[in-house]
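Okay, final.cif is below, mmCIF, C-alpha atoms, pLDDT in the B column; chains and numbers go by the auth columns:
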```cif
data_coords
#
loop_
_atom_site.group_PDB
_atom_site.id
_atom_site.type_symbol
_atom_site.label_atom_id
_atom_site.label_comp_id
_atom_site.label_asym_id
_atom_site.label_seq_id
_atom_site.Cartn_x
_atom_site.Cartn_y
_atom_site.Cartn_z
_atom_site.B_iso_or_equiv
_atom_site.auth_seq_id
_atom_site.auth_asym_id
ATOM 1 C CA MET A 1 84.529 80.843 39.382 53.00 3 A
ATOM 2 C CA HIS A 2 84.398 82.862 36.163 61.00 4 A
ATOM 3 C CA GLY A 3 81.744 85.313 35.005 76.00 5 A
ATOM 4 C CA ALA A 4 79.992 82.639 32.954 81.00 6 A
ATOM 5 C CA GLU A 5 79.635 80.429 36.035 87.00 7 A
ATOM 6 C CA PHE A 6 78.139 83.269 38.060 92.00 8 A
ATOM 7 C CA LEU A 7 75.756 83.951 35.203 92.00 9 A
ATOM 8 C CA ALA A 8 74.667 80.301 35.089 91.00 10 A
ATOM 9 C CA SER A 9 73.860 80.412 38.809 89.00 11 A
ATOM 10 C CA LEU A 10 71.357 83.266 38.464 95.00 12 A
ATOM 11 C CA PRO A 11 67.567 82.910 38.156 93.00 13 A
ATOM 12 C CA VAL A 12 66.504 82.806 34.522 94.00 14 A
ATOM 13 C CA GLU A 13 64.861 86.239 34.565 95.00 15 A
ATOM 14 C CA ARG A 14 68.087 87.855 35.758 96.00 16 A
ATOM 15 C CA ARG A 15 70.108 86.074 33.083 96.00 17 A
ATOM 16 C CA LEU A 16 67.667 87.344 30.478 95.00 18 A
ATOM 17 C CA ALA A 17 67.730 90.874 31.883 96.00 19 A
ATOM 18 C CA LEU A 18 71.523 90.900 31.933 96.00 20 A
ATOM 19 C CA ALA A 19 71.654 90.073 28.228 95.00 21 A
ATOM 20 C CA TYR A 20 70.370 93.591 27.503 96.00 22 A
ATOM 21 C CA ALA A 21 72.974 95.441 29.556 97.00 23 A
ATOM 22 C CA PRO A 22 75.449 97.445 27.445 96.00 24 A
ATOM 23 C CA PRO A 23 79.061 96.262 27.735 96.00 25 A
ATOM 24 C CA ARG A 24 80.200 98.991 30.138 95.00 26 A
ATOM 25 C CA ALA A 25 77.468 98.091 32.614 97.00 27 A
ATOM 26 C CA ARG A 26 77.287 94.305 32.233 96.00 28 A
ATOM 27 C CA ARG A 27 79.842 93.224 34.831 96.00 29 A
ATOM 28 C CA LEU A 28 78.498 95.731 37.341 98.00 30 A
ATOM 29 C CA TRP A 29 75.048 94.225 36.975 98.00 31 A
ATOM 30 C CA LEU A 30 76.432 90.700 37.104 97.00 32 A
ATOM 31 C CA GLY A 31 78.172 91.530 40.373 97.00 33 A
ATOM 32 C CA LEU A 32 75.033 93.038 41.892 98.00 34 A
ATOM 33 C CA PHE A 33 72.870 90.112 40.773 98.00 35 A
ATOM 34 C CA ALA A 34 75.383 87.502 41.936 97.00 36 A
ATOM 35 C CA LEU A 35 75.856 89.111 45.341 98.00 37 A
ATOM 36 C CA ASP A 36 72.113 89.481 45.862 98.00 38 A
ATOM 37 C CA ALA A 37 71.606 85.827 44.914 96.00 39 A
ATOM 38 C CA ARG A 38 74.385 84.713 47.289 96.00 40 A
ATOM 39 C CA LEU A 39 72.902 86.685 50.173 97.00 41 A
ATOM 40 C CA GLY A 40 69.434 85.355 49.430 95.00 42 A
ATOM 41 C CA THR A 41 70.756 81.799 49.550 94.00 43 A
ATOM 42 C CA ILE A 42 72.492 82.462 52.877 95.00 44 A
ATOM 43 C CA VAL A 43 69.258 83.785 54.387 94.00 45 A
ATOM 44 C CA HIS A 44 66.901 81.207 52.877 91.00 46 A
ATOM 45 C CA LYS A 45 69.081 78.290 53.991 89.00 47 A
ATOM 46 C CA ALA A 46 69.700 79.694 57.464 81.00 48 A
ATOM 47 C CA ALA A 47 69.587 76.908 60.044 81.00 49 A
ATOM 48 C CA GLU A 48 71.253 78.863 62.840 86.00 50 A
ATOM 49 C CA PRO A 49 70.429 82.600 62.950 85.00 51 A
ATOM 50 C CA MET A 50 73.596 83.537 64.834 90.00 52 A
ATOM 51 C CA LEU A 51 75.836 81.826 62.263 92.00 53 A
ATOM 52 C CA THR A 52 73.911 83.510 59.464 94.00 54 A
ATOM 53 C CA GLN A 53 74.380 86.893 61.134 95.00 55 A
ATOM 54 C CA ILE A 54 78.122 86.241 61.201 95.00 56 A
ATOM 55 C CA LYS A 55 78.127 85.420 57.485 96.00 57 A
ATOM 56 C CA LEU A 56 76.193 88.583 56.662 97.00 58 A
ATOM 57 C CA ALA A 57 78.508 90.652 58.854 97.00 59 A
ATOM 58 C CA TRP A 58 81.503 89.211 56.979 97.00 60 A
ATOM 59 C CA TRP A 59 80.085 90.411 53.680 97.00 61 A
ATOM 60 C CA ARG A 60 79.235 93.817 55.124 97.00 62 A
ATOM 61 C CA ASP A 61 82.778 94.225 56.437 97.00 63 A
ATOM 62 C CA GLU A 62 84.431 93.120 53.191 97.00 64 A
ATOM 63 C CA LEU A 63 82.305 95.450 51.072 97.00 65 A
ATOM 64 C CA ALA A 64 83.235 98.348 53.338 96.00 66 A
ATOM 65 C CA ARG A 65 86.958 97.790 52.729 95.00 67 A
ATOM 66 C CA PRO A 66 88.810 99.653 49.953 95.00 68 A
ATOM 67 C CA GLN A 67 89.229 97.356 46.965 94.00 69 A
ATOM 68 C CA ALA A 68 92.955 96.914 47.589 93.00 70 A
ATOM 69 C CA MET A 69 92.294 95.632 51.114 93.00 71 A
ATOM 70 C CA ARG A 70 89.605 93.069 50.347 94.00 72 A
ATOM 71 C CA ARG A 71 90.450 89.417 50.881 90.00 73 A
ATOM 72 C CA ARG A 72 91.623 87.416 47.908 89.00 74 A
ATOM 73 C CA GLY A 73 90.386 83.915 47.205 90.00 75 A
ATOM 74 C CA GLU A 74 86.637 84.622 47.276 92.00 76 A
ATOM 75 C CA PRO A 75 85.591 84.609 43.590 94.00 77 A
ATOM 76 C CA LEU A 76 82.532 86.765 44.169 96.00 78 A
ATOM 77 C CA LEU A 77 84.595 89.461 45.847 95.00 79 A
ATOM 78 C CA GLU A 78 86.970 89.352 42.897 94.00 80 A
ATOM 79 C CA LEU A 79 84.021 89.787 40.534 95.00 81 A
ATOM 80 C CA LEU A 80 83.143 92.913 42.510 96.00 82 A
ATOM 81 C CA ASP A 81 86.559 94.402 41.719 95.00 83 A
ATOM 82 C CA GLU A 82 84.746 95.976 38.770 95.00 84 A
ATOM 83 C CA TRP A 83 83.009 98.202 41.316 97.00 85 A
ATOM 84 C CA GLY A 84 86.234 99.468 42.867 96.00 86 A
ATOM 85 C CA ASP A 85 85.710 101.172 46.210 97.00 87 A
ATOM 86 C CA ASP A 86 82.092 101.870 45.206 97.00 88 A
ATOM 87 C CA ALA A 87 81.265 98.271 46.158 97.00 89 A
ATOM 88 C CA ALA A 88 80.593 99.735 49.626 97.00 90 A
ATOM 89 C CA CYS A 89 77.122 100.742 48.411 97.00 91 A
ATOM 90 C CA LEU A 90 76.298 97.047 47.931 98.00 92 A
ATOM 91 C CA ALA A 91 76.254 96.628 51.701 98.00 93 A
ATOM 92 C CA ALA A 92 72.668 97.841 51.320 98.00 94 A
ATOM 93 C CA LEU A 93 71.881 94.379 49.925 98.00 95 A
ATOM 94 C CA VAL A 94 73.277 92.820 53.102 98.00 96 A
ATOM 95 C CA ASP A 95 71.146 95.161 55.217 98.00 97 A
ATOM 96 C CA GLY A 96 68.073 94.288 53.185 97.00 98 A
ATOM 97 C CA TRP A 97 68.467 90.532 53.482 97.00 99 A
ATOM 98 C CA GLU A 98 69.186 90.835 57.190 96.00 100 A
ATOM 99 C CA LEU A 99 65.775 92.465 57.616 95.00 101 A
ATOM 100 C CA VAL A 100 63.980 89.304 56.482 94.00 102 A
ATOM 101 C CA LEU A 101 66.252 86.769 58.180 92.00 103 A
ATOM 102 C CA GLY A 102 64.199 84.158 60.021 87.00 104 A
ATOM 103 C CA GLU A 103 60.885 85.514 58.711 84.00 105 A
ATOM 104 C CA GLU A 104 58.668 82.849 57.154 83.00 106 A
ATOM 105 C CA ALA A 105 55.910 85.399 56.592 89.00 107 A
ATOM 106 C CA ILE A 106 57.440 88.803 55.888 95.00 108 A
ATOM 107 C CA ARG A 107 55.494 91.782 57.208 94.00 109 A
ATOM 108 C CA PRO A 108 54.746 94.643 54.797 94.00 110 A
ATOM 109 C CA ASP A 109 56.900 97.107 56.747 95.00 111 A
ATOM 110 C CA ALA A 110 59.921 94.780 56.547 95.00 112 A
ATOM 111 C CA ALA A 111 59.251 94.157 52.855 96.00 113 A
ATOM 112 C CA LEU A 112 59.218 97.882 52.129 97.00 114 A
ATOM 113 C CA ARG A 113 62.471 98.381 54.026 97.00 115 A
ATOM 114 C CA PHE A 114 64.001 95.460 52.099 97.00 116 A
ATOM 115 C CA ALA A 115 62.890 97.135 48.875 97.00 117 A
ATOM 116 C CA GLU A 116 64.462 100.439 49.920 98.00 118 A
ATOM 117 C CA GLU A 117 67.804 98.743 50.531 98.00 119 A
ATOM 118 C CA ARG A 118 67.783 97.109 47.100 98.00 120 A
ATOM 119 C CA ALA A 119 66.920 100.497 45.633 98.00 121 A
ATOM 120 C CA ARG A 120 69.970 101.987 47.360 97.00 122 A
ATOM 121 C CA ALA A 121 72.195 99.353 45.753 98.00 123 A
ATOM 122 C CA CYS A 122 70.743 99.988 42.290 98.00 124 A
ATOM 123 C CA GLN A 123 71.152 103.716 42.737 97.00 125 A
ATOM 124 C CA GLY A 124 74.767 103.069 43.673 97.00 126 A
ATOM 125 C CA LEU A 125 75.255 101.213 40.399 97.00 127 A
ATOM 126 C CA ALA A 126 73.752 104.134 38.507 97.00 128 A
ATOM 127 C CA GLU A 127 76.030 106.588 40.287 96.00 129 A
ATOM 128 C CA ARG A 128 79.028 104.409 39.428 96.00 130 A
ATOM 129 C CA LEU A 129 78.017 104.915 35.793 96.00 131 A
ATOM 130 C CA GLY A 130 77.306 108.626 36.223 94.00 132 A
ATOM 131 C CA ILE A 131 73.517 108.248 35.896 93.00 133 A
ATOM 132 C CA ARG A 132 70.901 109.937 38.058 84.00 134 A
ATOM 133 C CA ALA A 133 67.147 109.322 37.773 79.00 135 A
ATOM 134 C CA ASP A 134 64.294 109.160 40.260 82.00 136 A
ATOM 135 C CA ASP A 135 62.779 106.206 38.409 95.00 137 A
ATOM 136 C CA ILE A 136 65.672 103.956 39.452 97.00 138 A
ATOM 137 C CA ALA A 137 64.404 103.698 43.031 96.00 139 A
ATOM 138 C CA GLN A 138 60.826 103.198 41.828 97.00 140 A
ATOM 139 C CA ALA A 139 61.852 100.326 39.578 97.00 141 A
ATOM 140 C CA ALA A 140 64.192 98.681 42.098 98.00 142 A
ATOM 141 C CA ARG A 141 61.577 98.721 44.854 97.00 143 A
ATOM 142 C CA GLY A 142 59.002 97.113 42.573 97.00 144 A
ATOM 143 C CA TRP A 143 61.429 94.393 41.499 97.00 145 A
ATOM 144 C CA ALA A 144 62.297 93.694 45.142 97.00 146 A
ATOM 145 C CA LEU A 145 58.659 93.389 46.216 97.00 147 A
ATOM 146 C CA ALA A 146 57.986 90.981 43.365 96.00 148 A
ATOM 147 C CA ASP A 147 60.935 88.862 44.507 94.00 149 A
ATOM 148 C CA LEU A 148 59.385 88.573 47.976 95.00 150 A
ATOM 149 C CA ARG A 149 55.878 87.775 46.787 93.00 151 A
ATOM 150 C CA ASP A 150 55.790 84.161 48.045 91.00 152 A
ATOM 151 C CA ALA A 151 56.925 85.125 51.537 92.00 153 A
ATOM 152 C CA LEU A 152 54.795 88.233 52.104 93.00 154 A
ATOM 153 C CA ALA A 153 52.375 88.028 55.013 88.00 155 A
ATOM 154 C CA ASP A 154 50.045 90.513 53.274 90.00 156 A
ATOM 155 C CA ARG A 155 49.895 92.183 49.909 89.00 157 A
ATOM 156 C CA VAL A 156 51.951 95.378 49.808 92.00 158 A
ATOM 157 C CA PRO A 157 50.243 98.231 47.906 92.00 159 A
ATOM 158 C CA TYR A 158 52.518 99.729 45.267 95.00 160 A
ATOM 159 C CA ASP A 159 52.280 102.270 42.472 95.00 161 A
ATOM 160 C CA TRP A 160 53.236 100.226 39.424 96.00 162 A
ATOM 161 C CA ARG A 161 53.611 103.238 37.144 95.00 163 A
ATOM 162 C CA ARG A 162 55.637 103.203 33.954 94.00 164 A
ATOM 163 C CA VAL A 163 59.269 104.224 34.272 94.00 165 A
ATOM 164 C CA ARG A 164 61.958 105.384 31.876 92.00 166 A
ATOM 165 C CA LEU A 165 65.537 104.379 32.544 95.00 167 A
ATOM 166 C CA ALA A 166 68.877 104.968 30.858 94.00 168 A
ATOM 167 C CA ARG A 167 70.220 102.281 28.525 94.00 169 A
ATOM 168 C CA GLU A 168 72.742 101.201 31.174 96.00 170 A
ATOM 169 C CA MET A 169 69.845 100.417 33.519 97.00 171 A
ATOM 170 C CA ARG A 170 68.083 98.180 31.000 96.00 172 A
ATOM 171 C CA PRO A 171 68.347 95.037 33.191 97.00 173 A
ATOM 172 C CA LEU A 172 66.365 96.860 35.865 97.00 174 A
ATOM 173 C CA ALA A 173 63.834 98.021 33.282 96.00 175 A
ATOM 174 C CA VAL A 174 63.283 94.396 32.254 96.00 176 A
ATOM 175 C CA LEU A 175 62.828 93.127 35.808 97.00 177 A
ATOM 176 C CA TYR A 176 60.561 95.975 36.870 97.00 178 A
ATOM 177 C CA GLY A 177 58.499 95.745 33.699 95.00 179 A
ATOM 178 C CA LEU A 178 57.892 92.039 34.282 95.00 180 A
ATOM 179 C CA ALA A 179 56.974 92.701 37.912 95.00 181 A
ATOM 180 C CA ALA A 180 54.604 95.513 36.958 95.00 182 A
ATOM 181 C CA ARG A 181 52.875 93.278 34.417 93.00 183 A
ATOM 182 C CA SER A 182 51.475 91.088 37.206 91.00 184 A
ATOM 183 C CA ARG A 183 51.551 93.785 39.897 92.00 185 A
ATOM 184 C CA GLY A 184 54.160 91.676 41.670 91.00 186 A
ATOM 185 C CA GLN A 185 51.776 88.772 42.165 90.00 187 A
ATOM 186 C CA ALA A 186 53.280 86.134 39.864 89.00 188 A
ATOM 187 C CA ALA A 187 56.632 84.747 38.806 88.00 189 A
ATOM 188 C CA LEU A 188 58.396 87.264 36.590 90.00 190 A
ATOM 189 C CA LEU A 189 58.591 84.880 33.631 86.00 191 A
ATOM 190 C CA SER A 190 55.177 83.268 33.879 84.00 192 A
ATOM 191 C CA GLY A 191 54.341 82.097 30.371 80.00 193 A
ATOM 192 C CA PRO A 192 55.224 83.002 26.778 82.00 194 A
ATOM 193 C CA ILE A 193 53.610 86.449 26.943 86.00 195 A
ATOM 194 C CA ALA A 194 55.915 87.395 29.791 87.00 196 A
ATOM 195 C CA ALA A 195 58.899 86.226 27.747 84.00 197 A
ATOM 196 C CA LEU A 196 57.819 88.399 24.820 87.00 198 A
ATOM 197 C CA ARG A 197 57.345 91.296 27.204 89.00 199 A
ATOM 198 C CA ALA A 198 60.879 90.780 28.482 88.00 200 A
ATOM 199 C CA VAL A 199 62.278 90.928 24.934 86.00 201 A
ATOM 200 C CA ARG A 200 60.398 94.173 24.224 90.00 202 A
ATOM 201 C CA LEU A 201 61.624 95.686 27.480 89.00 203 A
ATOM 202 C CA GLY A 202 65.159 94.577 26.720 90.00 204 A
ATOM 203 C CA LEU A 203 65.178 96.033 23.237 89.00 205 A
ATOM 204 C CA LEU A 204 63.161 99.196 23.793 85.00 206 A
ATOM 205 C CA GLY A 205 63.095 99.731 27.539 80.00 207 A
ATOM 206 C CA ILE A 206 59.278 100.160 27.536 74.00 208 A
#
```

I'd like the structure from this file rewritten - as structure tokens, please.
Amino acid sequence: MHGAEFLASLPVERRLALAYAPPRARRLWLGLFALDARLGTIVHKAAEPMLTQIKLAWWRDELARPQAMRRRGEPLLELLDEWGDDAACLAALVDGWELVLGEEAIRPDAALRFAEERARACQGLAERLGIRADDIAQAARGWALADLRDALADRVPYDWRRVRLAREMRPLAVLYGLAARSRGQAALLSGPIAALRAVRLGLLGI
């Protein structure tokens, strides 16, 4: 599977957000998005919790390996070669999805922990690029909570304040900005106004 095929498999809002990533960050974001989508599919389609745990453990173990020791033949792992040994930080995505495994109605405490794990992964991407900013965690948590909106048992209070992110983090700025627009209570691309908002966020970051 090539990069274009991974891109085609992503939700439309992630494909749109990725279009605004600068070249040096694009494949890192594609890897993060593709891995998160794969893990979400594993969890959402779980028929046997024990088998799903084994699948998640496999990904956790592979991400923990140095790049040179990862198994060949899994296209997604090969996409993550762009991360080098720093792909270990993406195990946070595995931990996050494991928290909501088997939960039809996700409790607020589990949702917040899920959001923290996605924030850790996004912060790892920023560190890979040499970027540090407190707003990264704020934006990643908000995006994560919006992703869980349909499965939340109760609304999770959140401070949807404006953030400023580096150009390399523009995909996150797009996703968080769309989530903040509806306070995480609607699909990220719900209507033409949301699409225009996404374009503004992509071009200007605000």

Evaluate the PyMOL selection byres ((chain A and resi 27) around 10) on the structure here and hand back the selected residues as an mmCIF file with C-alpha atoms, in the frame of the given file.
```
data_model
loop_
_atom_site.group_PDB
_atom_site.id
_atom_site.type_symbol
_atom_site.label_atom_id
_atom_site.label_comp_id
_atom_site.auth_asym_id
_atom_site.auth_seq_id
_atom_site.Cartn_x
_atom_site.Cartn_y
_atom_site.Cartn_z
ATOM 1 C CA LEU A 20 71.523 90.900 31.933
ATOM 2 C CA TYR A 22 70.370 93.591 27.503
ATOM 3 C CA ALA A 23 72.974 95.441 29.556
ATOM 4 C CA PRO A 24 75.449 97.445 27.445
ATOM 5 C CA PRO A 25 79.061 96.262 27.735
ATOM 6 C CA ARG A 26 80.200 98.991 30.138
ATOM 7 C CA ARG A 28 77.287 94.305 32.233
ATOM 8 C CA ARG A 29 79.842 93.224 34.831
ATOM 9 C CA LEU A 30 78.498 95.731 37.341
ATOM 10 C CA TRP A 31 75.048 94.225 36.975
ATOM 11 C CA LEU A 32 76.432 90.700 37.104
ATOM 12 C CA GLU A 84 84.746 95.976 38.770
ATOM 13 C CA LEU A 127 75.255 101.213 40.399
ATOM 14 C CA ALA A 128 73.752 104.134 38.507
ATOM 15 C CA ARG A 130 79.028 104.409 39.428
ATOM 16 C CA LEU A 131 78.017 104.915 35.793
ATOM 17 C CA ARG A 169 70.220 102.281 28.525
ATOM 18 C CA GLU A 170 72.742 101.201 31.174
ATOM 19 C CA MET A 171 69.845 100.417 33.519
ATOM 20 C CA ARG A 172 68.083 98.180 31.000
ATOM 21 C CA PRO A 173 68.347 95.037 33.191
#
```

Quiz item: Which residues come within 10 Å of Ala112 (chain A), counting all atoms listed in the file, excluding same-chain residues fewer than 5 positions away, as a PyMOL selection string?
Solution: chain A and resi 98+101-102+105+117-118+154

List the spatial neighbours of region 86-94 of chain A as a list of chain:residue names - criterion: any atom at most 8 Å away, all atoms listed in the file, same-chain residues fewer than 3 positions off excluded.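 Selected residues are A:Leu34, A:Trp61, A:Arg62, A:Leu65, A:Ala66, A:Arg67, A:Pro68, A:Gln69, A:Leu82, A:Asp83, A:Asp97, A:Gly98, A:Glu119, A:Arg120, A:Arg122, A:Ala123, A:Gly126, A:Arg130.
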
Within 12 Å of region 47-54 of chain A, counting all atoms listed in the file, which residues qualify if same-chain residues fewer than 2 places away don't, as a PyMOL selection string?
chain A and resi 40-45+56-61+96+99-100+102-106

Report task. Could you tell me which residues the PyMOL selection byres ((chain A and resi 143-150) around 10) grabs in this file, written as a PyMOL selection string? Result -> chain A and resi 98+102+107-108+110+113-122+124+137-142+151-155+157-163+174-182+184-190

### Selected residue, from A:Met71, A:Ala21, A:Leu167, A:Ala10, that lies nearest to Gln125 (chain A) when counting all atoms listed in the file
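Among the listed residues, A:Leu167 lies closest to Gln125 (chain A).
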
Fill in: Selected residue, from A:Val14, A:Arg72, A:Asp38, A:Asp63, that lies nearest to Ala197 (chain A) when counting all atoms listed in the file
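Of the candidates, the smallest distance to Ala197 (chain A) is held by A:Val14.
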
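Nearest-residue note for Leu203 (chain A): choosing from A:Ala19, A:Leu37, A:Ala6, A:Leu79, the minimum distance belongs to A:Ala19, counting all atoms listed in the file.
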
| request: May I ask for the distance between CA of Ser11 (chain A) and CA of Gly33 (chain A), given in Å to one decimal place? | output: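 Interatomic distance, CA of Ser11 (chain A) to CA of Gly33 (chain A): 12.0 Å.
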
Review point. Interatomic distance between CA of Glu7 (chain A) and CA of Gly75 (chain A)?
Key: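 Between CA of Glu7 (chain A) and CA of Gly75 (chain A) the gap works out to 15.9 Å.
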
The distance between CA of Leu12 (chain A) and CA of Leu81 (chain A) is 14.4 Å

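Distance check against Asp136 (chain A) using all atoms listed in the file: of A:Arg166, A:Gly204, A:Arg17, A:Asp156, the minimum falls on A:Arg166.
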
Centre, x/y/z edge lengths, axis-aligned box for region 195-207 of chain A with 5 Å per side, as AutoDock Vina command-line options:
```
--center_x 59.4 --center_y 93.0 --center_z 26.5 --size_x 21.6 --size_y 23.5 --size_z 16.6
```
